[in-house]
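Below is one structure, written out as structure tokens, with a few remarks after it.
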Amino acid sequence: MKPLRYLVIAIGILSLAACQTMDGILEDFDSLQLPALMSGEDSADNLTYSGHCPAVDKMHELSMLSEFTNPSDPSEENLISRAAIANLETTCNYDERSVTVDLKMTFDGILGPRGRSSENDKPFYSYPFFIAIAENNGRILAKEIFAASMTYDRGENRHTYYENMRQIIPLEYRDRGNRYKIIIGFQLSPDQLAYNRRQIRNKKASAQTMDTTDANAPTPLTP
């Protein structure tokens with residue numbers, strides 16, 4: 001059984017990091033404006049739970065990681081592998097000076113046409129993902145990078161990885177955990193981020209085209 005992994009934030013770290021911003025912590029993504037992404041259904045899956053639990057944001061633009069043999073030609077025939085954050089479950093509980101959030105995460109992986117060099121290969125891929133804790137105003141307090149590691153057996157082109165994570169957030173006052181957010185996403189390269197954004201734009205354009213077609217369709221006669 002896989003051991004439970006922790007991300008524990010000391011009170012001293014909270015005080016020190018409070019002056020940092022999302023752009024400063026996530027400097028890998030200079031073009032990614034996380035405060036804007038966290039507002040709105042189109043950019044994040046906002047998983048807010050009842051009571052005073054911290055909200056959990058699965059960043060939509062960062063919820064998939066695709067690897068290609070040629071990043072400048074991200075076509076499906078050049079796909080090595082792909083992973084996606086498939087499901088998140090969470091519970092939380094309080095003690096006198098902290099809130100503990102337990103996360104259950106499911107990652108789905110798939111091999112592309114370039115994922116194996118031969119039929120008998122058992123390729124191994126490691127997909128980096130981050131968990132960050134932020135205030136509701138978007139200020140990042142802590143961030144740590146982990147990895148979803150998958151080995152694809154012979155004849156296996158899909159694989160599921162499970163991760164259990166415990167986040168401990170110190171609090172000055174009890175029952176104020178809803179002032180914080182837990183942000184989850186893959187640690188992407190600029191090319192991978194650009195690919196995800198193109199996919200999202202294309203999906204939206206396709207949906208709008210379908211809506212227009214349906215609106216222009218003749219109304220069927222009723223008997």
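To be explicit about the labels: the chains of the structure tokens are called A, B, and onward in the order shown, and within each one the residues are counted from 1, while ligands get numbers from 1 in the order they are shown.
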Shell around Gly177 of chain A at 10 Å using only C-alpha atoms, local window under 5 positions removed, as a list in words
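After dropping sequence-adjacent residues, the list is Gly51, His52, Cys53, Pro54, Ala55, Cys92, Asn93, Tyr94, Ser98, Val99, Thr100, Val101, Glu135, Ile169, Pro170, Leu171 and Glu172 of chain A.
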Could you produce a table of the residues of segment 39-122 of chain A lying within 9 Å of segment 184-196 of chain A, with the nearest pair of atoms per residue and their separation in Å rounded to one decimal, using only C-alpha atoms, ordered by chain and increasing residue number, as a tab-separated table?
residue	atom	partner	partner_atom	distance
A:Val56	CA	A:Ile184	CA	7.6
A:Asp57	CA	A:Ile184	CA	6.2
A:Lys58	CA	A:Ile184	CA	5.0
A:Met59	CA	A:Gly185	CA	5.6
A:His60	CA	A:Gly185	CA	8.0
A:Glu61	CA	A:Asn196	CA	6.0
A:Leu62	CA	A:Gly185	CA	4.8
A:Ser63	CA	A:Gly185	CA	5.3
A:Met64	CA	A:Phe186	CA	6.7
A:Leu65	CA	A:Phe186	CA	6.5
A:Ser66	CA	A:Gln192	CA	6.5
A:Glu67	CA	A:Gln192	CA	7.7
A:Pro71	CA	A:Asp191	CA	6.4
A:Ser72	CA	A:Asp191	CA	7.7
A:Pro74	CA	A:Tyr195	CA	7.5
A:Ala84	CA	A:Phe186	CA	8.5
A:Ile85	CA	A:Gly185	CA	7.8
Let me make sure I understand: among A:Arg154, A:Ser206, A:Pro113, A:Arg166, which one has the smallest atom-to-atom distance to Ser75 of chain A if we use only C-alpha atoms?
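Closest to Ser75 of chain A of all the choices is A:Pro113.
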Just how far from atom CA of Pro128 of chain A is atom CA of Phe146 of chain A, in Å to one decimal?
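Distance reported for this atom pair: 5.7 Å.
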Could you give me, as a PyMOL selection string, each residue of segment 126-176 of chain A that DSSP assigns to strand (DSSP E) when run on this structure's backbone?
chain A and resi 126-135+140-151+158-170
Save the residues we just selected, N, CA and C atoms, as a compact mmCIF listing (two decimals), in the first residue's frame?
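Okay, part.txt is ready:
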# COMPACT_ATOMS: atom_id res chain seq x y z
N SER A 126 6.96 9.56 -15.92
CA SER A 126 6.69 10.28 -14.68
C SER A 126 6.15 11.66 -15.03
N TYR A 127 4.95 11.95 -14.56
CA TYR A 127 4.27 13.19 -14.91
C TYR A 127 4.27 14.14 -13.69
N PRO A 128 5.02 15.23 -13.76
CA PRO A 128 5.10 16.13 -12.60
C PRO A 128 3.81 16.93 -12.41
N PHE A 129 3.35 16.99 -11.17
CA PHE A 129 2.19 17.82 -10.84
C PHE A 129 2.50 18.60 -9.56
N PHE A 130 1.82 19.72 -9.41
CA PHE A 130 2.07 20.53 -8.21
C PHE A 130 0.80 20.65 -7.37
N ILE A 131 1.02 20.89 -6.10
CA ILE A 131 -0.05 21.27 -5.18
C ILE A 131 0.39 22.57 -4.52
N ALA A 132 -0.46 23.57 -4.60
CA ALA A 132 -0.15 24.87 -4.01
C ALA A 132 -1.28 25.26 -3.06
N ILE A 133 -0.93 26.04 -2.06
CA ILE A 133 -1.91 26.59 -1.13
C ILE A 133 -1.90 28.10 -1.28
N ALA A 134 -3.08 28.67 -1.46
CA ALA A 134 -3.19 30.11 -1.72
C ALA A 134 -4.29 30.70 -0.86
N GLU A 135 -4.17 32.00 -0.65
CA GLU A 135 -5.26 32.74 -0.05
C GLU A 135 -6.34 32.96 -1.10
N ILE A 140 -0.09 33.07 -3.38
CA ILE A 140 0.42 31.73 -3.08
C ILE A 140 1.21 31.76 -1.78
N LEU A 141 0.92 30.78 -0.91
CA LEU A 141 1.64 30.64 0.36
C LEU A 141 2.66 29.51 0.32
N ALA A 142 2.39 28.49 -0.46
CA ALA A 142 3.33 27.36 -0.55
C ALA A 142 3.02 26.56 -1.79
N LYS A 143 4.04 25.93 -2.34
CA LYS A 143 3.88 25.08 -3.52
C LYS A 143 4.92 23.98 -3.47
N GLU A 144 4.49 22.77 -3.83
CA GLU A 144 5.42 21.65 -3.88
C GLU A 144 5.10 20.80 -5.10
N ILE A 145 6.14 20.25 -5.73
CA ILE A 145 5.99 19.44 -6.93
C ILE A 145 6.15 17.96 -6.58
N PHE A 146 5.24 17.14 -7.11
CA PHE A 146 5.28 15.70 -6.93
C PHE A 146 5.29 15.04 -8.30
N ALA A 147 5.12 13.73 -8.36
CA ALA A 147 5.12 13.04 -9.65
C ALA A 147 4.13 11.89 -9.62
N ALA A 148 3.37 11.78 -10.69
CA ALA A 148 2.51 10.62 -10.92
C ALA A 148 3.29 9.69 -11.85
N SER A 149 3.81 8.59 -11.31
CA SER A 149 4.69 7.69 -12.07
C SER A 149 3.91 6.46 -12.52
N MET A 150 4.01 6.17 -13.81
CA MET A 150 3.24 5.06 -14.38
C MET A 150 4.14 4.17 -15.23
N THR A 151 4.00 2.86 -15.04
CA THR A 151 4.64 1.87 -15.89
C THR A 151 3.55 1.15 -16.68
N ARG A 158 -3.26 1.98 -21.50
CA ARG A 158 -3.87 2.89 -20.53
C ARG A 158 -3.47 2.46 -19.13
N HIS A 159 -3.29 3.45 -18.28
CA HIS A 159 -2.89 3.14 -16.90
C HIS A 159 -3.50 4.19 -15.97
N THR A 160 -3.85 3.77 -14.77
CA THR A 160 -4.42 4.68 -13.77
C THR A 160 -3.52 4.71 -12.55
N TYR A 161 -3.27 5.92 -12.09
CA TYR A 161 -2.40 6.14 -10.93
C TYR A 161 -3.22 6.82 -9.84
N TYR A 162 -3.08 6.33 -8.60
CA TYR A 162 -3.81 6.90 -7.47
C TYR A 162 -2.82 7.52 -6.49
N GLU A 163 -3.21 8.64 -5.95
CA GLU A 163 -2.36 9.35 -4.99
C GLU A 163 -3.22 9.84 -3.83
N ASN A 164 -2.76 9.57 -2.61
CA ASN A 164 -3.38 10.11 -1.41
C ASN A 164 -2.44 11.14 -0.80
N MET A 165 -2.95 12.32 -0.56
CA MET A 165 -2.13 13.42 -0.07
C MET A 165 -2.81 14.08 1.12
N ARG A 166 -2.02 14.47 2.10
CA ARG A 166 -2.56 15.19 3.26
C ARG A 166 -1.92 16.57 3.34
N GLN A 167 -2.76 17.59 3.35
CA GLN A 167 -2.33 18.98 3.46
C GLN A 167 -2.68 19.49 4.86
N ILE A 168 -1.70 20.02 5.56
CA ILE A 168 -1.94 20.59 6.89
C ILE A 168 -1.68 22.09 6.82
N ILE A 169 -2.71 22.87 7.08
CA ILE A 169 -2.62 24.33 6.99
C ILE A 169 -2.77 24.92 8.38
N PRO A 170 -1.75 25.59 8.90
CA PRO A 170 -1.88 26.22 10.23
C PRO A 170 -2.82 27.42 10.18
